[in-house]
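Structure file protein31.cif (mmCIF, C-alpha atoms) is printed below.
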```
data_coords
#
loop_
_atom_site.label_atom_id
_atom_site.label_comp_id
_atom_site.auth_asym_id
_atom_site.auth_seq_id
_atom_site.Cartn_x
_atom_site.Cartn_y
_atom_site.Cartn_z
CA VAL A 146 -15.35 -11.02 -1.42
CA ALA A 147 -14.18 -8.26 0.91
CA MET A 148 -16.23 -7.84 4.05
CA ARG A 149 -17.60 -4.33 4.48
CA GLN A 150 -17.93 -3.23 8.09
CA MET A 151 -19.91 -0.44 9.69
CA PRO A 152 -18.08 2.62 11.05
CA LEU A 153 -17.01 2.73 14.67
CA ALA A 154 -17.73 6.25 15.96
CA CYS A 155 -16.07 8.20 18.77
CA SER A 156 -17.05 11.81 19.29
CA ASN A 157 -14.40 14.50 19.28
CA HIS A 158 -14.10 17.30 16.74
CA LYS A 159 -16.92 19.79 16.44
CA ARG A 160 -15.87 21.61 13.27
CA PRO A 161 -14.48 20.53 9.87
CA VAL A 162 -11.34 18.39 9.93
CA VAL A 163 -9.04 20.15 7.45
CA ASP A 164 -5.71 18.34 7.78
CA LEU A 165 -4.31 15.02 9.00
CA ALA A 166 -0.75 13.83 9.50
CA PHE A 167 0.54 10.36 10.27
CA SER A 168 3.88 10.01 11.99
CA GLY A 169 6.54 7.62 10.82
CA ILE A 170 6.71 4.14 12.34
CA THR A 171 8.24 4.21 15.83
CA PRO A 172 8.95 1.51 18.44
CA TYR A 173 5.48 2.34 19.80
CA GLY A 174 3.67 2.11 16.48
CA TYR A 175 2.62 5.21 14.57
CA PHE A 176 0.41 8.16 15.46
CA LEU A 177 -2.09 10.52 13.85
CA ILE A 178 -2.70 14.21 14.45
CA SER A 179 -5.87 15.89 13.19
CA ALA A 180 -6.15 19.63 12.54
CA CYS A 181 -9.63 21.08 12.90
CA GLN A 182 -11.40 24.40 12.76
CA ASP A 183 -12.40 23.90 16.39
CA GLY A 184 -8.81 24.87 17.25
CA LYS A 185 -8.08 21.61 19.10
CA PRO A 186 -5.54 19.37 17.36
CA MET A 187 -5.91 15.79 18.59
CA LEU A 188 -3.35 13.04 18.96
CA ARG A 189 -4.32 9.41 18.36
CA GLN A 190 -2.80 5.99 18.12
CA GLY A 191 -2.61 5.66 14.35
CA ASP A 192 -3.68 2.06 13.85
CA THR A 193 -6.54 1.95 16.38
CA GLU A 194 -7.69 5.60 16.44
CA ASP A 195 -7.60 5.50 20.27
CA TRP A 196 -7.50 9.04 21.60
CA ILE A 197 -4.26 9.91 23.42
CA GLY A 198 -4.63 13.63 24.05
CA THR A 199 -5.68 17.07 22.85
CA PHE A 200 -3.45 20.12 22.44
CA LEU A 201 -5.36 23.11 23.82
CA GLY A 202 -4.52 26.79 23.78
CA HIS A 203 -5.40 27.90 20.26
CA LYS A 204 -7.66 30.89 19.96
CA SER A 205 -8.70 30.16 16.41
CA ALA A 206 -8.94 27.46 13.74
CA ASP A 207 -6.12 25.00 13.17
CA TRP A 208 -5.36 24.75 9.44
CA GLY A 209 -2.43 22.35 9.27
CA THR A 210 -0.21 20.01 11.24
CA THR A 211 2.92 17.89 10.82
CA TRP A 212 5.42 15.60 12.57
CA ASN A 213 9.17 15.42 12.68
CA LYS A 214 10.83 12.23 11.47
CA GLU A 215 11.16 10.64 14.93
CA ALA A 216 7.54 11.47 15.90
CA ILE A 217 8.68 13.27 19.03
CA LYS A 218 7.80 16.76 17.85
CA ALA A 219 4.66 18.15 16.25
CA ALA A 220 3.93 21.57 14.75
CA ASP A 221 0.72 23.30 13.73
CA PHE A 222 -0.70 26.32 12.00
CA THR A 223 0.53 28.95 14.48
CA ALA A 224 4.01 27.46 14.13
CA GLN A 225 3.81 26.21 17.68
CA VAL A 226 6.17 23.28 18.18
CA TRP A 227 5.04 20.66 20.69
CA ASP A 228 6.71 17.77 22.47
CA ALA A 229 4.48 14.98 21.18
CA VAL A 230 5.40 12.73 24.13
CA SER A 231 4.74 15.07 27.06
CA GLY A 232 2.37 17.51 25.35
CA ASP A 233 4.53 20.48 26.39
CA GLU A 234 4.83 23.47 24.08
CA LEU A 235 8.49 23.82 23.10
CA MET A 236 8.30 27.13 21.25
CA THR A 237 6.05 29.49 19.30
CA LEU A 238 7.37 31.00 16.09
CA ASN A 239 5.35 34.17 15.68
CA HIS A 240 3.83 35.15 12.35
CA LYS A 241 1.83 38.23 11.46
CA HIS A 242 -0.57 36.31 9.23
CA ILE A 243 -2.28 32.93 9.28
CA VAL A 244 0.10 30.01 8.75
CA LYS A 245 -1.44 27.37 6.51
CA THR A 246 1.37 24.82 6.32
CA PRO A 247 4.31 23.66 8.49
CA ASP A 248 6.97 21.08 7.63
CA PHE A 249 10.05 19.83 9.52
CA THR A 250 13.33 19.15 7.77
CA GLN A 251 14.56 15.55 7.95
CA ASP A 252 17.06 16.38 10.72
CA SER A 253 14.35 18.23 12.74
CA ASN A 254 16.58 21.32 12.98
CA TYR A 255 14.44 23.59 10.81
CA LEU A 256 10.75 24.30 10.29
CA LEU A 257 9.38 25.48 6.96
CA THR A 258 6.14 27.49 7.03
CA GLY A 259 3.91 29.21 4.50
CA GLY A 260 0.68 31.13 4.69
CA GLN A 261 -1.34 34.21 3.91
CA ASP A 262 1.66 36.57 3.72
CA LYS A 263 2.79 34.83 0.46
CA LEU A 264 6.24 34.12 1.93
CA LEU A 265 8.08 30.91 2.76
CA HIS A 266 9.74 31.09 6.19
CA ILE A 267 12.59 28.81 7.29
CA TYR A 268 13.13 28.80 11.07
CA ASP A 269 16.22 27.48 12.82
CA LEU A 270 14.72 25.53 15.74
CA ASN A 271 18.03 25.67 17.59
CA LYS A 272 17.81 29.48 17.46
CA PRO A 273 14.08 30.19 17.75
CA GLU A 274 14.71 33.83 18.66
CA ALA A 275 16.51 34.46 15.34
CA GLU A 276 14.69 35.91 12.35
CA PRO A 277 13.73 33.27 9.78
CA LYS A 278 15.04 33.09 6.26
CA GLU A 279 12.36 34.18 3.81
CA ILE A 280 11.65 33.23 0.20
CA SER A 281 9.40 35.48 -1.86
CA GLY A 282 7.83 34.94 -5.24
CA HIS A 283 4.30 33.70 -4.65
CA THR A 284 1.52 36.07 -5.71
CA SER A 285 -1.19 34.69 -3.42
CA GLY A 286 -1.43 32.95 -0.08
CA ILE A 287 0.62 29.74 0.20
CA LYS A 288 -1.50 26.64 0.74
CA LYS A 289 1.23 24.00 1.09
CA ALA A 290 5.02 23.95 1.49
CA LEU A 291 7.16 20.82 1.74
CA GLY A 292 10.83 19.92 1.78
CA CYS A 293 11.85 17.36 -0.85
CA SER A 294 14.90 15.59 -2.30
CA GLU A 295 16.42 15.17 1.19
CA ASP A 296 15.69 18.84 1.91
CA LYS A 297 17.78 20.04 -1.02
CA GLN A 298 14.65 21.50 -2.61
CA ILE A 299 11.33 23.00 -1.51
CA LEU A 300 7.91 22.55 -3.10
CA SER A 301 5.21 25.15 -2.53
CA ALA A 302 1.72 25.82 -3.87
CA ASP A 303 -0.46 28.91 -3.91
CA ASP A 304 -3.83 29.39 -5.56
CA LYS A 305 -2.91 28.48 -9.16
CA THR A 306 0.86 27.86 -9.09
CA VAL A 307 3.22 25.14 -7.85
CA ARG A 308 6.86 26.18 -7.49
CA LEU A 309 10.11 24.27 -7.01
CA TRP A 310 12.90 26.06 -5.10
CA ASP A 311 16.57 25.36 -4.51
CA HIS A 312 16.98 25.31 -0.73
CA ALA A 313 20.63 26.40 -0.73
CA THR A 314 20.28 29.40 -3.04
CA MET A 315 16.61 30.09 -2.15
CA THR A 316 15.87 30.67 -5.83
CA GLU A 317 13.05 29.32 -8.00
CA VAL A 318 14.00 26.39 -10.23
CA LYS A 319 10.72 25.84 -12.07
CA SER A 320 6.99 26.42 -11.75
CA LEU A 321 3.70 24.91 -12.93
CA ASN A 322 0.73 27.15 -13.70
CA PHE A 323 -2.90 26.02 -13.65
CA ASN A 324 -6.08 27.60 -14.95
CA MET A 325 -7.97 26.76 -11.77
CA SER A 326 -7.29 26.63 -8.07
CA VAL A 327 -4.85 24.02 -6.76
CA SER A 328 -6.72 22.23 -3.98
CA SER A 329 -3.86 20.11 -2.60
CA MET A 330 -0.23 19.15 -3.05
CA GLY A 331 1.55 16.12 -1.61
CA TYR A 332 5.04 14.66 -1.78
CA ILE A 333 6.07 10.98 -1.80
CA PRO A 334 9.81 10.57 -1.04
CA GLU A 335 9.94 7.04 -2.47
CA GLY A 336 10.36 7.77 -6.14
CA GLU A 337 10.33 11.56 -5.69
CA ILE A 338 6.67 11.88 -6.69
CA LEU A 339 4.59 15.06 -6.48
CA VAL A 340 0.78 14.78 -6.33
CA ILE A 341 -1.37 17.78 -7.24
CA THR A 342 -5.15 18.15 -7.39
CA TYR A 343 -7.07 20.87 -9.21
CA GLY A 344 -10.69 20.68 -10.26
CA ARG A 345 -11.47 17.02 -11.04
CA SER A 346 -7.83 16.25 -11.93
CA ILE A 347 -5.33 14.23 -9.89
CA ALA A 348 -1.88 14.77 -11.42
CA PHE A 349 1.42 13.03 -10.64
CA HIS A 350 4.67 14.83 -11.46
CA SER A 351 8.36 14.31 -10.83
CA ALA A 352 9.23 16.22 -7.67
CA VAL A 353 12.74 16.81 -9.04
CA SER A 354 11.85 18.26 -12.44
CA LEU A 355 8.05 18.88 -12.23
CA GLU A 356 7.68 16.87 -15.44
CA PRO A 357 4.28 15.09 -15.70
CA VAL A 358 4.12 11.35 -14.93
CA LYS A 359 0.41 10.49 -15.18
CA SER A 360 -3.00 11.92 -14.34
CA PHE A 361 -6.51 10.80 -13.40
CA GLU A 362 -9.87 12.43 -13.99
CA ALA A 363 -12.45 12.00 -11.21
CA PRO A 364 -16.25 12.38 -11.46
CA ALA A 365 -16.23 15.31 -9.00
CA ILE A 366 -13.98 18.09 -7.72
CA ILE A 367 -11.18 16.46 -5.70
CA ASN A 368 -9.72 18.11 -2.61
CA SER A 369 -7.12 15.53 -1.62
CA PRO A 370 -5.60 12.23 -2.82
CA SER A 371 -3.18 9.79 -1.19
CA LEU A 372 -1.10 7.09 -2.85
CA ARG A 373 -0.60 3.87 -0.91
CA PRO A 374 3.12 3.37 -0.09
CA LYS A 375 3.20 0.18 -2.18
CA LYS A 376 1.86 2.30 -5.07
CA GLU A 377 -0.73 -0.21 -6.30
CA PHE A 378 -3.67 2.15 -5.72
CA LEU A 379 -4.63 5.61 -4.51
CA VAL A 380 -7.61 7.01 -2.66
CA ALA A 381 -9.10 10.47 -3.24
CA GLY A 382 -12.00 12.48 -1.86
CA GLY A 383 -13.70 15.75 -2.61
CA GLU A 384 -16.87 17.75 -2.96
CA ASP A 385 -19.35 14.93 -3.64
CA PHE A 386 -18.82 13.35 -0.17
CA LYS A 387 -17.31 10.22 -1.76
CA LEU A 388 -13.99 8.41 -1.42
CA TYR A 389 -12.68 6.96 -4.70
CA LYS A 390 -10.16 4.14 -5.03
CA TYR A 391 -8.13 4.00 -8.27
CA GLY A 392 -5.55 1.53 -9.57
CA TYR A 393 -2.33 3.50 -9.89
CA ASN A 394 -1.11 1.65 -12.98
CA SER A 395 -4.47 0.90 -14.60
CA ARG A 396 -5.98 4.33 -13.74
CA GLU A 397 -9.32 2.54 -13.39
CA GLU A 398 -11.81 3.29 -10.64
CA LEU A 399 -11.82 0.21 -8.39
CA GLU A 400 -14.32 1.27 -5.77
CA SER A 401 -16.13 4.25 -4.30
CA TYR A 402 -17.64 4.78 -0.90
CA LYS A 403 -20.10 7.37 0.40
CA GLY A 404 -20.88 7.59 4.08
CA HIS A 405 -20.45 11.19 5.15
CA PHE A 406 -22.47 14.36 5.17
CA GLY A 407 -19.98 16.89 3.89
CA PRO A 408 -17.06 17.39 1.50
CA ILE A 409 -13.83 15.47 2.16
CA HIS A 410 -10.93 17.85 2.87
CA CYS A 411 -7.95 15.53 3.28
CA VAL A 412 -6.91 11.90 2.76
CA ARG A 413 -3.71 10.36 4.19
CA PHE A 414 -2.31 6.83 4.06
CA SER A 415 -0.62 5.42 7.14
CA PRO A 416 3.14 4.79 6.80
CA ASP A 417 2.65 1.00 6.59
CA GLY A 418 -0.14 1.31 4.02
CA GLU A 419 -2.52 -0.72 6.19
CA LEU A 420 -5.11 2.04 6.43
CA TYR A 421 -5.84 5.62 5.48
CA ALA A 422 -7.57 8.49 7.24
CA SER A 423 -9.83 11.12 5.74
CA GLY A 424 -11.04 14.39 7.22
CA HIS A 425 -14.47 15.80 6.45
CA GLU A 426 -16.55 18.96 6.54
CA ASP A 427 -18.94 17.23 8.95
CA GLY A 428 -16.22 17.13 11.59
CA THR A 429 -15.31 13.46 11.19
CA GLN A 430 -12.33 11.33 10.37
CA THR A 431 -12.76 7.94 8.79
CA VAL A 432 -10.09 5.27 8.86
CA PRO A 433 -10.76 2.47 6.36
CA ASN A 434 -8.44 -0.51 6.73
CA CYS A 435 -7.16 -1.53 3.32
CA GLY A 436 -4.33 -3.92 4.00
CA ARG A 437 -5.54 -6.63 6.35
CA LYS A 438 -7.48 -9.61 5.10
CA ASN A 439 -11.25 -9.30 4.83
CA LEU A 440 -11.24 -5.81 6.27
CA TRP A 441 -11.72 -3.57 3.24
CA PRO A 442 -12.96 -1.22 4.35
CA LEU A 443 -13.01 -1.18 8.13
CA GLU A 444 -14.12 2.29 9.18
CA MET A 445 -13.61 4.24 12.35
CA CYS A 446 -15.30 7.61 12.56
CA VAL A 447 -14.07 10.38 14.80
CA SER A 448 -17.06 12.62 14.81
CA GLY A 449 -17.67 15.99 16.06
CA ARG A 450 -20.48 18.36 15.45
CA ASN A 451 -23.39 16.63 17.08
CA SER A 452 -21.83 15.22 20.22
CA ASP A 453 -19.79 16.47 23.14
CA GLU A 454 -18.57 13.10 24.40
CA LEU A 455 -14.83 12.53 24.16
CA ALA A 456 -13.32 9.20 23.30
CA LYS A 457 -11.86 7.36 26.25
CA PRO A 458 -8.14 8.24 26.42
CA LYS A 459 -5.66 5.45 25.90
CA ILE A 460 -3.38 6.98 28.50
CA SER A 461 -4.14 9.23 31.41
CA SER A 462 -3.71 12.96 30.93
CA PRO A 463 -3.42 15.83 33.41
CA GLU A 464 -6.66 17.08 34.87
CA THR A 465 -7.62 20.24 33.03
CA THR A 466 -10.51 22.51 32.32
CA GLU A 467 -11.17 22.99 28.62
CA GLN A 468 -12.10 26.43 27.38
CA GLU A 469 -14.06 26.90 24.20
CA PRO A 470 -11.92 28.59 21.53
CA GLU A 471 -12.80 32.09 20.49
CA GLU A 472 -14.68 32.79 17.27
CA ILE A 473 -13.07 30.91 14.40
CA ALA A 474 -11.25 33.26 12.04
CA SER A 475 -11.91 33.14 8.33
CA GLU A 476 -9.38 31.51 6.02
CA ASN A 477 -8.18 34.92 4.84
CA SER A 478 -7.99 36.53 8.26
CA ASP A 479 -4.89 38.61 8.96
CA SER A 480 -5.16 38.24 12.73
CA ILE A 481 -1.94 38.00 14.71
CA TYR A 482 -1.87 34.91 16.90
CA SER A 483 -0.08 34.50 20.20
CA PRO A 484 -2.04 31.71 21.91
CA THR A 485 -1.15 30.39 25.33
CA PRO A 486 -1.21 26.60 25.56
CA GLY A 487 -3.39 25.42 28.40
CA VAL A 488 -3.34 21.64 28.25
CA LYS A 489 -0.88 18.84 27.67
CA ALA A 490 -1.64 15.77 25.64
#
```

How would this structure read if it were set down as structure tokens?
Amino acid sequence: VAMRQMPLACSNHKRPVVDLAFSGITPYGYFLISACQDGKPMLRQGDTEDWIGTFLGHKSADWGTTWNKEAIKAADFTAQVWDAVSGDELMTLNHKHIVKTPDFTQDSNYLLTGGQDKLLHIYDLNKPEAEPKEISGHTSGIKKALGCSEDKQILSADDKTVRLWDHATMTEVKSLNFNMSVSSMGYIPEGEILVITYGRSIAFHSAVSLEPVKSFEAPAIINSPSLRPKKEFLVAGGEDFKLYKYGYNSREELESYKGHFGPIHCVRFSPDGELYASGHEDGTQTVPNCGRKNLWPLEMCVSGRNSDELAKPKISSPETTEQEPEEIASENSDSIYSPTPGVKA
């Protein structure tokens, strides 16, 4: 019988955690960045959740974050690119509208962004002053954009449409239309798998052709799923505050867990499949351990709203004075951002 353990809590985020990104495995382990509406993305040791540092300088909510392949660069919703080792800002790629999604190419030379202006932008990071390439075709704000098939193609999702683009010609190859809002889209390079959620459905498609592979129906509206790298099961969370575990091949519900006080916005497996992280409306992250013996699920909460105490940093960081971010903009805000970073991780 698996041994269920109580959550370990450390207080950090004060607003909803809306996106999480694990790095790849490095000589120093792997890392986790959390994006939050408090405007303070946080960097953690991925397998222990020890706090490493906080990137300060945003004047509004942080909607998305990502890593490059080597885990030495990070990018976020303003298309600011950070040195993940020193905490220095490397560049800011200005947008006129909110950026919802960034993604590095495999060689780290380009950054793909999408957001409220309905356009995909491709920035050359070796020429940050140059105008980006733009791909048009979406009819509403872009929620997610990802490179796939070794960056030969691009996947993007707006409110009710998922589109596949040819990167070289910047033309649409195929699209999927839904009768309800697409809540999330994820890409699994191993096997070229696309994961889409809409309503209570969790759908797997070929990332190359968009042809359907299999689908699951959950008891509640799902906001985000994640498939374990070994592909034996997936975890999903949504509006009923629960995390659901499903067998990937059997499609049967194996387990569910409720321990939070708000909807679950995002779920991400670590690159080794040993644990996953989930971000919640109540300002917390949970990290159940699902690979090690007798530790399903070990939970670590990174909470926020009701406490001001920061987790003890794993490494020392420069002495700084934190400033509260300005009023959080709404999801559909058209504000122009030009934040000045104030703190290193």

*asked:* Can you translate the PyMOL selection byres ((chain A and resi 366) around 8) into the concrete residues it hits in this file, as a list in words?
replied: Tyr343, Gly344, Arg345, Ser346, Ala363, Pro364, Ala365, Ile367, Asn368, Gly383, Glu384 and Asp385 of chain A

*Interatomic distance, atom CA of Ser301 of chain A to atom CA of Ile267 of chain A (Å, one decimal)*: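 That distance, rounded to one decimal, is 12.8 Å.
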
*Taking the file as shown, what set of residues would the PyMOL selection byres ((chain A and resi 382) around 6) give back, as a PyMOL selection string?*
chain A and resi 367+369+381+383+387-388+409

*Interatomic distance between atom CA of Gly407 of chain A and atom CA of Thr306 of chain A?*
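Atom CA of Thr306 of chain A lies 26.9 Å from atom CA of Gly407 of chain A.
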
*Point-to-point distance from atom CA of Val244 of chain A to atom CA of Asp262 of chain A, Å rounded to tenths*: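 Separation of atom CA of Val244 of chain A and atom CA of Asp262 of chain A: 8.4 Å.
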
*Leaving out Ala302 of chain A and any residue of its chain fewer than 5 positions from it, which residues lie within 12 Å of it when counting all atoms listed in the file, given as a ChimeraX atom specification?*
/A:245-246,258-261,263-265,282-291,307-310,320-323,326-332,339-343
